[in-house]
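S.K.: Input file: target_28.csv. Contents: CSV, C-alpha atoms.
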```csv
chain,number,residue,atom,x,y,z
A,234,MET,CA,164.3,102.9,32.9
A,235,SER,CA,163.8,106.6,33.6
A,236,ARG,CA,164.0,109.3,30.9
A,237,VAL,CA,164.9,112.9,31.5
A,238,THR,CA,162.5,115.3,30.1
A,239,THR,CA,160.9,118.6,30.9
A,240,LEU,CA,157.7,119.2,33.0
A,241,ARG,CA,155.8,120.5,29.9
A,242,SER,CA,155.9,117.1,28.4
A,243,VAL,CA,154.4,115.3,31.4
A,244,ALA,CA,151.9,117.9,32.6
A,245,GLU,CA,149.9,120.9,31.5
A,246,VAL,CA,150.9,124.0,33.6
A,247,ALA,CA,148.4,126.8,34.0
A,248,LEU,CA,148.6,130.0,36.1
A,249,GLY,CA,145.5,131.5,37.7
A,250,ARG,CA,144.6,135.1,36.9
A,251,GLN,CA,144.0,138.1,39.0
A,252,ARG,CA,140.3,138.6,39.8
A,253,SER,CA,138.7,142.0,39.9
A,254,PRO,CA,136.4,143.1,42.7
A,255,GLN,CA,133.2,142.8,40.5
A,256,HIS,CA,133.9,139.0,40.4
A,257,GLU,CA,132.8,138.8,44.0
A,258,MET,CA,129.2,139.0,42.8
A,259,GLY,CA,127.4,137.4,39.9
A,260,SER,CA,125.2,134.5,38.8
A,261,HIS,CA,128.1,131.9,38.7
A,262,ILE,CA,129.5,131.9,42.2
A,263,VAL,CA,131.7,129.0,42.9
A,264,PRO,CA,134.4,128.1,45.5
A,265,TYR,CA,138.0,128.8,44.6
A,266,LEU,CA,141.3,127.9,46.1
A,267,ARG,CA,144.2,130.2,46.7
A,268,ALA,CA,147.7,130.0,48.3
A,269,ALA,CA,146.3,129.9,51.8
A,270,ASN,CA,144.5,126.7,51.0
A,271,VAL,CA,147.7,124.8,49.9
A,272,LYS,CA,149.9,123.8,52.8
A,273,ASP,CA,152.4,121.1,53.5
A,274,GLY,CA,151.3,118.8,50.7
A,275,ALA,CA,147.6,118.9,51.6
A,276,LEU,CA,144.5,121.1,51.1
A,277,GLU,CA,143.4,123.4,53.9
A,278,LEU,CA,139.7,123.8,53.4
A,279,SER,CA,138.6,125.5,56.6
A,280,ASP,CA,138.6,128.9,54.8
A,281,VAL,CA,137.5,128.5,51.2
A,282,LYS,CA,136.4,131.7,49.5
A,283,GLU,CA,133.8,132.1,46.7
A,284,MET,CA,133.8,134.2,43.6
A,285,ASN,CA,132.0,134.6,40.3
A,286,PHE,CA,133.6,132.6,37.4
A,287,SER,CA,131.8,132.8,34.1
A,288,PRO,CA,131.1,129.4,32.3
A,289,GLY,CA,134.1,130.1,30.0
A,290,GLU,CA,136.3,130.9,33.0
A,291,GLN,CA,135.2,127.8,34.8
A,292,LYS,CA,136.2,125.7,31.9
A,293,PHE,CA,139.7,127.0,32.1
A,294,PHE,CA,140.1,127.5,35.9
A,295,ALA,CA,138.1,124.5,37.2
A,296,LEU,CA,140.0,121.8,39.1
A,297,ARG,CA,139.5,118.1,38.7
A,298,PRO,CA,140.8,115.0,40.6
A,299,GLY,CA,144.5,114.5,40.0
A,300,ASP,CA,145.4,118.2,39.5
A,301,VAL,CA,148.4,119.4,41.5
A,302,LEU,CA,148.6,122.9,42.9
A,303,ILE,CA,151.7,124.9,43.8
A,304,THR,CA,152.0,128.4,45.2
A,305,GLU,CA,153.5,130.7,42.6
A,306,GLY,CA,154.6,133.5,45.0
A,307,SER,CA,155.5,134.3,48.6
A,308,GLY,CA,156.9,136.9,50.8
A,309,SER,CA,159.8,134.6,51.7
A,310,LEU,CA,161.9,132.5,49.3
A,311,GLY,CA,161.6,129.4,51.5
A,312,SER,CA,157.9,129.0,50.9
A,313,VAL,CA,157.8,129.7,47.2
A,314,GLY,CA,156.2,126.3,46.4
A,315,ALA,CA,154.0,123.7,48.0
A,316,SER,CA,151.8,121.1,46.4
A,317,THR,CA,148.7,119.0,46.8
A,318,VAL,CA,146.6,116.7,44.8
A,319,TRP,CA,143.0,118.0,44.3
A,320,GLY,CA,140.9,115.1,45.5
A,321,GLY,CA,137.4,116.4,45.2
A,322,GLU,CA,136.9,117.2,48.9
A,323,LEU,CA,134.6,120.0,47.8
A,324,ALA,CA,131.5,119.1,45.8
A,325,GLY,CA,130.8,120.5,42.4
A,326,THR,CA,132.9,123.0,40.5
A,327,VAL,CA,135.9,124.4,42.3
A,328,CYS,CA,138.3,126.9,40.6
A,329,PHE,CA,141.8,128.2,41.5
A,330,GLN,CA,143.1,131.8,41.7
A,331,ASN,CA,146.1,133.8,40.6
A,332,THR,CA,148.3,132.8,43.5
A,333,LEU,CA,148.4,129.2,42.3
A,334,LEU,CA,149.8,127.2,39.4
A,335,ARG,CA,147.9,124.1,38.4
A,336,LEU,CA,149.8,121.1,37.1
A,337,ARG,CA,147.6,118.6,35.3
A,338,PRO,CA,149.2,115.3,34.5
A,339,ARG,CA,149.0,114.1,30.9
A,340,ASP,CA,146.9,111.0,30.5
A,341,GLY,CA,148.8,107.8,30.0
A,342,VAL,CA,152.1,109.6,30.7
A,343,THR,CA,152.2,110.7,34.3
A,344,ASP,CA,150.6,109.4,37.5
A,345,SER,CA,149.0,112.2,39.5
A,346,ARG,CA,150.4,111.1,42.8
A,347,PHE,CA,153.9,110.8,41.4
A,348,LEU,CA,153.5,114.3,40.0
A,349,SER,CA,152.4,115.6,43.4
A,350,TRP,CA,155.3,113.9,45.2
A,351,TRP,CA,157.7,115.4,42.6
A,352,ALA,CA,156.3,118.9,43.3
A,353,ARG,CA,156.9,118.4,47.1
A,354,PHE,CA,160.4,117.2,46.2
A,355,ALA,CA,160.9,120.3,44.0
A,356,PHE,CA,159.7,122.5,46.8
A,357,GLY,CA,161.6,120.9,49.7
A,358,SER,CA,164.9,120.6,47.7
A,359,GLY,CA,164.9,124.2,46.5
A,360,VAL,CA,164.1,123.5,42.8
A,361,PHE,CA,161.2,126.0,42.8
A,362,ALA,CA,163.2,128.5,44.8
A,363,SER,CA,166.0,128.3,42.2
A,364,ILE,CA,163.7,129.6,39.4
A,365,ALA,CA,162.0,132.3,41.5
A,366,THR,CA,162.4,135.9,40.5
A,367,GLY,CA,161.6,139.2,42.2
A,368,ALA,CA,162.8,141.7,44.7
A,369,ASN,CA,160.9,141.6,48.0
A,370,ILE,CA,158.3,139.2,46.9
A,371,TYR,CA,159.4,136.2,44.8
A,372,HIS,CA,157.4,134.5,42.1
A,373,ILE,CA,157.7,131.5,39.8
A,374,SER,CA,156.3,131.8,36.3
A,375,ALA,CA,154.4,129.1,34.5
A,376,GLU,CA,157.0,129.1,31.7
A,377,ARG,CA,159.9,128.5,34.1
A,378,VAL,CA,158.1,125.7,35.7
A,379,ARG,CA,157.3,124.1,32.3
A,380,GLY,CA,161.0,124.1,31.6
A,381,LEU,CA,162.1,122.3,34.8
A,382,PRO,CA,163.8,118.9,34.1
A,383,ILE,CA,162.1,115.8,35.5
A,384,SER,CA,163.4,112.2,35.5
A,385,LEU,CA,160.3,110.2,34.5
A,386,PRO,CA,160.2,106.5,35.0
A,387,PRO,CA,157.6,104.2,33.3
A,388,LEU,CA,154.0,104.5,34.7
A,389,GLU,CA,154.3,101.3,36.6
A,390,GLU,CA,157.4,102.5,38.4
A,391,GLN,CA,155.7,105.9,39.1
A,392,CYS,CA,152.8,104.1,40.8
A,393,ARG,CA,155.2,102.0,42.8
A,394,LEU,CA,157.1,105.0,44.1
A,395,ALA,CA,153.9,106.9,44.8
A,396,ASN,CA,152.6,103.9,46.8
A,397,LEU,CA,155.8,103.7,48.8
A,398,LEU,CA,155.8,107.4,49.5
A,399,ASP,CA,152.1,107.4,50.5
A,400,THR,CA,152.8,104.6,53.0
A,401,GLU,CA,156.0,105.8,54.5
A,402,ILE,CA,155.2,109.5,54.7
A,403,GLU,CA,151.9,108.8,56.3
A,404,LYS,CA,153.7,106.9,59.0
A,405,ILE,CA,155.9,110.0,59.7
A,406,ASN,CA,152.9,112.4,59.5
A,407,SER,CA,150.9,110.2,61.9
A,408,LEU,CA,153.8,110.3,64.4
A,409,ILE,CA,153.9,114.1,64.1
A,410,SER,CA,150.2,114.4,64.6
A,411,LYS,CA,150.1,112.2,67.7
A,412,LYS,CA,152.9,114.2,69.4
A,413,ARG,CA,151.0,117.4,68.6
A,414,ALA,CA,147.8,115.9,70.0
A,415,VAL,CA,149.5,115.4,73.4
A,416,LEU,CA,150.4,119.0,73.8
A,417,ARG,CA,147.0,120.1,72.4
A,418,LEU,CA,145.3,118.0,75.1
A,419,ILE,CA,147.3,119.7,77.9
A,420,GLU,CA,146.5,123.2,76.4
A,421,GLU,CA,142.8,122.3,76.2
A,422,LYS,CA,142.8,121.4,79.9
A,423,ILE,CA,144.4,124.7,80.8
A,424,ASP,CA,141.8,126.6,78.7
A,425,SER,CA,139.0,124.6,80.2
A,426,ARG,CA,140.1,125.6,83.7
A,427,ILE,CA,140.2,129.3,82.7
A,428,LEU,CA,136.8,129.0,81.0
A,429,HIS,CA,135.4,127.6,84.2
A,430,ILE,CA,136.8,130.7,86.1
A,431,ILE,CA,135.2,133.0,83.5
A,432,GLY,CA,131.9,131.1,83.8
A,433,GLU,CA,131.9,131.6,87.6
A,434,SER,CA,132.7,135.4,87.2
A,435,SER,CA,130.3,138.3,87.0
A,436,LEU,CA,130.8,138.3,83.2
A,437,VAL,CA,128.4,135.3,83.2
A,438,ARG,CA,126.8,135.6,86.6
A,439,PRO,CA,126.3,139.3,87.2
A,440,ASN,CA,124.7,139.0,90.6
A,441,SER,CA,126.8,136.4,92.3
A,442,GLY,CA,130.0,135.7,90.3
A,443,LEU,CA,133.7,136.6,90.8
A,444,PRO,CA,134.1,140.4,90.4
A,445,ALA,CA,135.3,141.9,87.2
A,446,LEU,CA,137.6,144.8,86.7
A,447,PRO,CA,138.6,146.9,83.6
A,448,ALA,CA,141.7,145.3,81.9
A,449,GLY,CA,143.6,148.5,82.7
A,450,ARG,CA,143.3,147.9,86.4
A,451,VAL,CA,144.6,144.4,86.1
A,452,LEU,CA,147.4,145.1,83.6
A,453,LYS,CA,149.8,148.1,83.5
A,454,LYS,CA,150.7,149.3,80.0
A,455,LEU,CA,154.5,149.7,79.4
A,456,ASN,CA,156.3,151.9,77.0
A,457,ARG,CA,160.0,150.9,77.0
A,458,PRO,CA,162.5,152.3,74.6
A,459,ILE,CA,163.6,150.1,71.7
A,460,ILE,CA,165.9,147.3,72.6
A,461,ALA,CA,168.5,147.2,69.8
A,462,ASN,CA,169.4,143.5,69.8
A,463,GLY,CA,168.1,142.7,66.4
A,464,ASN,CA,165.1,140.7,67.6
A,465,THR,CA,161.7,141.5,66.2
A,466,ILE,CA,159.1,140.3,68.8
A,467,THR,CA,155.9,139.0,67.2
A,468,ALA,CA,152.7,137.7,68.7
A,469,PHE,CA,151.6,134.7,66.7
A,470,ARG,CA,147.9,133.7,66.4
A,471,ASP,CA,148.5,130.4,68.2
A,472,GLY,CA,149.4,132.4,71.4
A,473,GLN,CA,153.2,132.2,71.2
A,474,VAL,CA,155.1,135.5,71.5
A,475,THR,CA,158.8,135.3,70.6
A,476,ALA,CA,161.4,136.6,68.2
A,477,ARG,CA,160.2,136.3,64.6
A,478,SER,CA,163.5,134.6,63.6
A,479,MET,CA,162.6,131.7,65.9
A,480,ARG,CA,159.4,130.9,64.1
A,481,ARG,CA,158.0,130.2,60.6
A,482,SER,CA,157.0,133.2,58.5
A,483,GLU,CA,153.3,132.7,58.9
A,484,GLY,CA,150.7,133.0,61.6
A,485,TYR,CA,151.0,136.8,62.2
A,486,THR,CA,150.1,140.1,60.7
A,487,LEU,CA,153.1,142.0,59.4
A,488,THR,CA,153.8,145.3,61.2
A,489,SER,CA,156.9,147.4,60.9
A,490,THR,CA,159.3,147.7,63.8
A,491,LEU,CA,161.7,150.1,62.2
A,492,GLU,CA,159.8,153.4,63.0
A,493,PRO,CA,161.1,155.5,65.9
A,494,GLN,CA,158.0,155.0,68.0
A,495,GLY,CA,158.7,151.2,68.3
A,496,GLN,CA,159.0,149.8,71.8
A,497,GLY,CA,161.0,147.3,73.8
A,498,VAL,CA,159.8,143.9,75.1
A,499,GLU,CA,161.2,141.8,77.9
A,500,VAL,CA,160.8,138.1,78.7
A,501,GLY,CA,157.6,137.7,80.7
A,502,ASP,CA,155.8,140.7,79.4
A,503,VAL,CA,152.1,140.3,78.4
A,504,VAL,CA,151.9,141.2,74.7
A,505,VAL,CA,148.6,142.0,72.9
A,506,HIS,CA,148.4,142.6,69.2
A,507,GLY,CA,146.2,145.7,68.7
A,508,LEU,CA,144.7,144.3,65.5
A,509,ASP,CA,145.2,140.5,65.7
A,510,GLY,CA,144.6,140.1,69.4
A,511,PHE,CA,141.0,139.1,68.8
A,512,ALA,CA,142.3,136.1,66.7
A,513,GLY,CA,144.5,134.9,69.5
A,514,ALA,CA,147.7,136.9,69.0
A,515,ILE,CA,148.1,137.4,72.8
A,516,GLY,CA,150.8,135.8,74.9
A,517,THR,CA,153.7,136.1,77.3
A,518,SER,CA,156.9,137.0,75.6
A,519,GLU,CA,159.6,134.3,75.5
A,520,ALA,CA,162.3,136.6,74.1
A,521,THR,CA,163.7,140.2,74.5
A,522,GLY,CA,163.6,142.6,71.6
A,523,SER,CA,161.5,145.3,70.0
A,524,CYS,CA,158.0,145.4,68.5
A,525,SER,CA,155.7,147.7,66.7
A,526,PRO,CA,153.6,150.3,68.5
A,527,VAL,CA,150.6,148.4,67.2
A,528,TYR,CA,151.2,146.1,70.2
A,529,HIS,CA,150.3,146.6,73.8
A,530,VAL,CA,153.2,145.6,76.1
A,531,CYS,CA,152.0,145.1,79.6
A,532,THR,CA,152.8,143.7,83.1
A,533,PRO,CA,150.4,142.5,85.7
A,534,ARG,CA,149.5,144.9,88.5
A,535,GLY,CA,150.2,143.9,92.1
A,536,ASN,CA,151.3,140.2,92.4
A,537,GLY,CA,149.4,138.9,89.3
A,538,ASP,CA,150.9,136.3,87.0
A,539,SER,CA,151.8,137.3,83.5
A,540,HIS,CA,151.3,133.8,82.0
A,541,PHE,CA,147.8,133.5,83.5
A,542,GLN,CA,146.8,137.0,82.4
A,543,SER,CA,147.9,136.5,78.8
A,544,ARG,CA,146.1,133.1,78.6
A,545,LEU,CA,143.0,134.6,80.2
A,546,LEU,CA,142.9,137.4,77.6
A,547,ARG,CA,143.6,134.9,74.8
A,548,VAL,CA,140.7,132.7,75.9
A,549,LEU,CA,138.4,135.7,76.1
A,550,ALA,CA,139.6,136.7,72.6
A,551,THR,CA,139.2,133.3,70.8
A,552,SER,CA,135.8,132.9,72.5
A,553,GLY,CA,134.6,136.1,70.8
A,554,TYR,CA,134.3,138.2,74.0
A,555,LEU,CA,136.9,140.8,73.2
A,556,GLY,CA,135.5,141.5,69.8
A,557,LEU,CA,132.2,142.6,71.3
A,558,PHE,CA,133.9,145.8,72.5
A,559,ALA,CA,135.5,146.9,69.2
A,560,THR,CA,134.4,150.1,67.7
A,561,SER,CA,135.9,149.5,64.2
A,562,THR,CA,137.2,146.7,62.1
A,563,ARG,CA,139.3,146.1,59.0
A,564,GLU,CA,138.8,142.9,57.0
A,565,ARG,CA,139.3,140.1,59.6
A,566,ALA,CA,141.0,142.3,62.3
A,567,VAL,CA,139.3,143.9,65.3
A,568,ASP,CA,140.9,147.3,66.0
A,569,PHE,CA,142.2,147.5,69.6
A,570,ARG,CA,145.2,149.8,69.1
A,571,ASN,CA,143.6,152.4,71.4
A,572,TRP,CA,144.6,151.4,75.0
A,573,GLY,CA,141.9,153.5,76.4
A,574,LEU,CA,139.4,151.3,74.7
A,575,PHE,CA,141.1,148.0,75.4
A,576,GLY,CA,141.8,149.0,79.0
A,577,ARG,CA,138.1,149.5,79.7
A,578,ILE,CA,137.1,145.9,78.8
A,579,PRO,CA,135.9,144.1,81.9
A,580,VAL,CA,137.9,140.9,82.8
A,581,PRO,CA,137.6,138.6,85.8
A,582,ALA,CA,139.5,139.8,88.9
A,583,VAL,CA,141.1,136.4,89.8
A,584,PRO,CA,142.9,136.0,93.2
A,585,ASP,CA,146.7,136.1,93.0
A,586,GLU,CA,147.1,132.5,94.3
A,587,VAL,CA,144.8,131.1,91.6
A,588,GLN,CA,146.7,133.1,89.0
A,589,LYS,CA,150.1,131.7,90.2
A,590,GLU,CA,148.8,128.2,90.3
A,591,ILE,CA,147.5,128.2,86.7
A,592,GLY,CA,150.5,130.3,85.6
A,593,ALA,CA,152.9,127.6,86.9
A,594,TRP,CA,150.9,125.0,85.0
A,595,ILE,CA,151.2,127.0,81.8
A,596,ARG,CA,155.0,127.5,82.3
A,597,SER,CA,155.4,123.7,82.9
A,598,THR,CA,154.2,123.0,79.3
A,599,ARG,CA,157.0,125.1,77.7
A,600,PRO,CA,159.7,122.4,78.0
A,601,LEU,CA,157.3,119.8,76.6
A,602,ARG,CA,156.4,122.1,73.7
A,603,LEU,CA,160.1,122.7,72.9
A,604,ALA,CA,160.9,119.0,73.1
A,605,LEU,CA,157.9,118.2,70.8
A,606,GLU,CA,158.9,121.0,68.3
A,607,HIS,CA,162.5,119.6,68.2
A,608,SER,CA,161.2,116.0,67.6
A,609,ASN,CA,158.7,117.2,65.0
A,610,SER,CA,161.5,119.2,63.3
A,611,LEU,CA,163.6,116.0,63.0
A,612,ALA,CA,160.6,114.1,61.7
A,613,THR,CA,160.0,116.7,59.1
A,614,GLU,CA,163.6,116.6,58.0
A,615,ARG,CA,163.4,112.8,57.8
A,616,ARG,CA,160.2,113.1,55.7
A,617,GLN,CA,161.9,115.4,53.2
A,618,ALA,CA,165.0,113.2,53.1
A,619,PHE,CA,162.8,110.3,52.2
A,620,ILE,CA,161.1,112.2,49.4
A,621,ASN,CA,164.5,113.4,48.1
A,622,ALA,CA,165.8,109.8,48.1
A,623,ALA,CA,162.8,108.7,46.0
A,624,PHE,CA,163.6,111.3,43.2
A,625,SER,CA,167.4,111.0,43.4
A,626,GLY,CA,167.1,107.3,42.4
A,627,ASP,CA,168.0,105.8,45.7
A,628,LEU,CA,164.5,104.1,46.1
A,629,ARG,CA,164.1,103.1,42.5
A,630,SER,CA,164.5,99.6,41.4
```
Just give me the structure of the file as structure tokens.

M.R.:
Amino acid sequence: MSRVTTLRSVAEVALGRQRSPQHEMGSHIVPYLRAANVKDGALELSDVKEMNFSPGEQKFFALRPGDVLITEGSGSLGSVGASTVWGGELAGTVCFQNTLLRLRPRDGVTDSRFLSWWARFAFGSGVFASIATGANIYHISAERVRGLPISLPPLEEQCRLANLLDTEIEKINSLISKKRAVLRLIEEKIDSRILHIIGESSLVRPNSGLPALPAGRVLKKLNRPIIANGNTITAFRDGQVTARSMRRSEGYTLTSTLEPQGQGVEVGDVVVHGLDGFAGAIGTSEATGSCSPVYHVCTPRGNGDSHFQSRLLRVLATSGYLGLFATSTRERAVDFRNWGLFGRIPVPAVPDEVQKEIGAWIRSTRPLRLALEHSNSLATERRQAFINAAFSGDLRS
């Protein structure tokens, strides 16, 4: 039989602390996790930073198997919390930073997997959001988390529920992954074709390849007045350009669109982020609206194809080619806000008929992507509904 208690009685809750710049150097450098490493119930370890933590700090901030991490703050209320079990994917000592709260299950009281699933339930059902405070940026404090109520069944039942959720949610996640893999394969084939064109151009074969022209002779930069329909057009790093309201609140660099020098964007425009373009924030707009002047909004010259040109530029960006022409950088961004600089970059001069052929191929993937996104959205809703059922008592014996 379950008993209702508070989280402080079933787990130790600790908040990371702000690190000062001098901690980036020292004799005790170790990896640490931050909010960017916690996503959708799993650890994202492709970009783990390192910092100096003294032996005393390591004792407090070090993670161990079974710890659960939740994000303590966010720019949007809907992503206040997420959770994951620390499973030792990184060898040795790993710490956590101030953007995370660590939940450590109490021995003999709480199963770590049960606690992790409860955290995902609290995130998805709005429990964490309900205790968030702040104005523009919301935070959840360790003390408020400690006071959250939790219905705690006996350890045996906790393990049974965790096993059930592990099995059923993995089935849903596997289905989502397989559908995404189908689209990814198609996108990789398109990029492979474009890479072949680049390889046959004078960029790679100076004496015998397809001619290259400055980007400004292939694309014409536009400067439309602001389109006041409420849409903020954003170039995401995965290559999609659309109204920000149509997408999640991540995968782009925030730039204001409220200043008078903003610009209008029409469907079919080639849009290049002047700072994030090198990271893949280049694409053909799928919506009409306005964007910041940090973007270059363009149209192909002559009879060129906008979908082909945006994909060509994106492939050149993600392969590292565009970054070679940058004159300045800031953190992870290459600065291409100057059109005079960007417009001088040589790109392959591809015949119109080839552009249109590949452009049609790119356009044909959009209905498939929309169908997969809808299907995955339904699967995600089903996943959260299953988790909610487990903690509402519907799946308990």

S.K.: So what do you get for atom CA of Ala352 of chain A versus atom CA of Gly274 of chain A, distance-wise?

M.R.: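 If I compute the distance from atom CA of Ala352 of chain A to atom CA of Gly274 of chain A, I get 8.9 Å.
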
S.K.: Using all atoms listed in the file, which of the listed residues (A:Cys328, A:Leu408, A:Val342, A:Ile460) sits closest to Ser610 of chain A?

M.R.: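 Residue with the minimum atom-to-atom distance to Ser610 of chain A: A:Leu408.
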
S.K.: Select, from A:Ala244, A:Ile405, A:Met284, A:Ile303, the residue with the minimum atom-to-atom distance to Thr343 of chain A, counting all atoms listed in the file.

M.R.: A:Ala244

S.K.: I want to know what sits within 8 Å of segment 582-597 of chain A, based on all atoms listed in the file, with residues of the same chain fewer than 2 positions away left out; could you give that as a list in words?

M.R.: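 With the cut-off at 8 Å, the set is Ile423, Leu443, Pro444, Ala445, Leu446, Val451, Asn536, Gly537, Asp538, Ser539, His540, Phe541, Gln542, Val580, Arg599, Pro600 and Leu601 of chain A.
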
S.K.: Please indicate the distance in Å from atom CA of Gln473 of chain A to atom CA of Val505 of chain A, rounded to one decimal place.

M.R.: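 The value is 11.0 Å.
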
S.K.: Could you check which of A:Ala368, A:Val548, A:Met234, A:Leu385 is closest to Phe624 of chain A, using all atoms listed in the file?

M.R.: A:Leu385
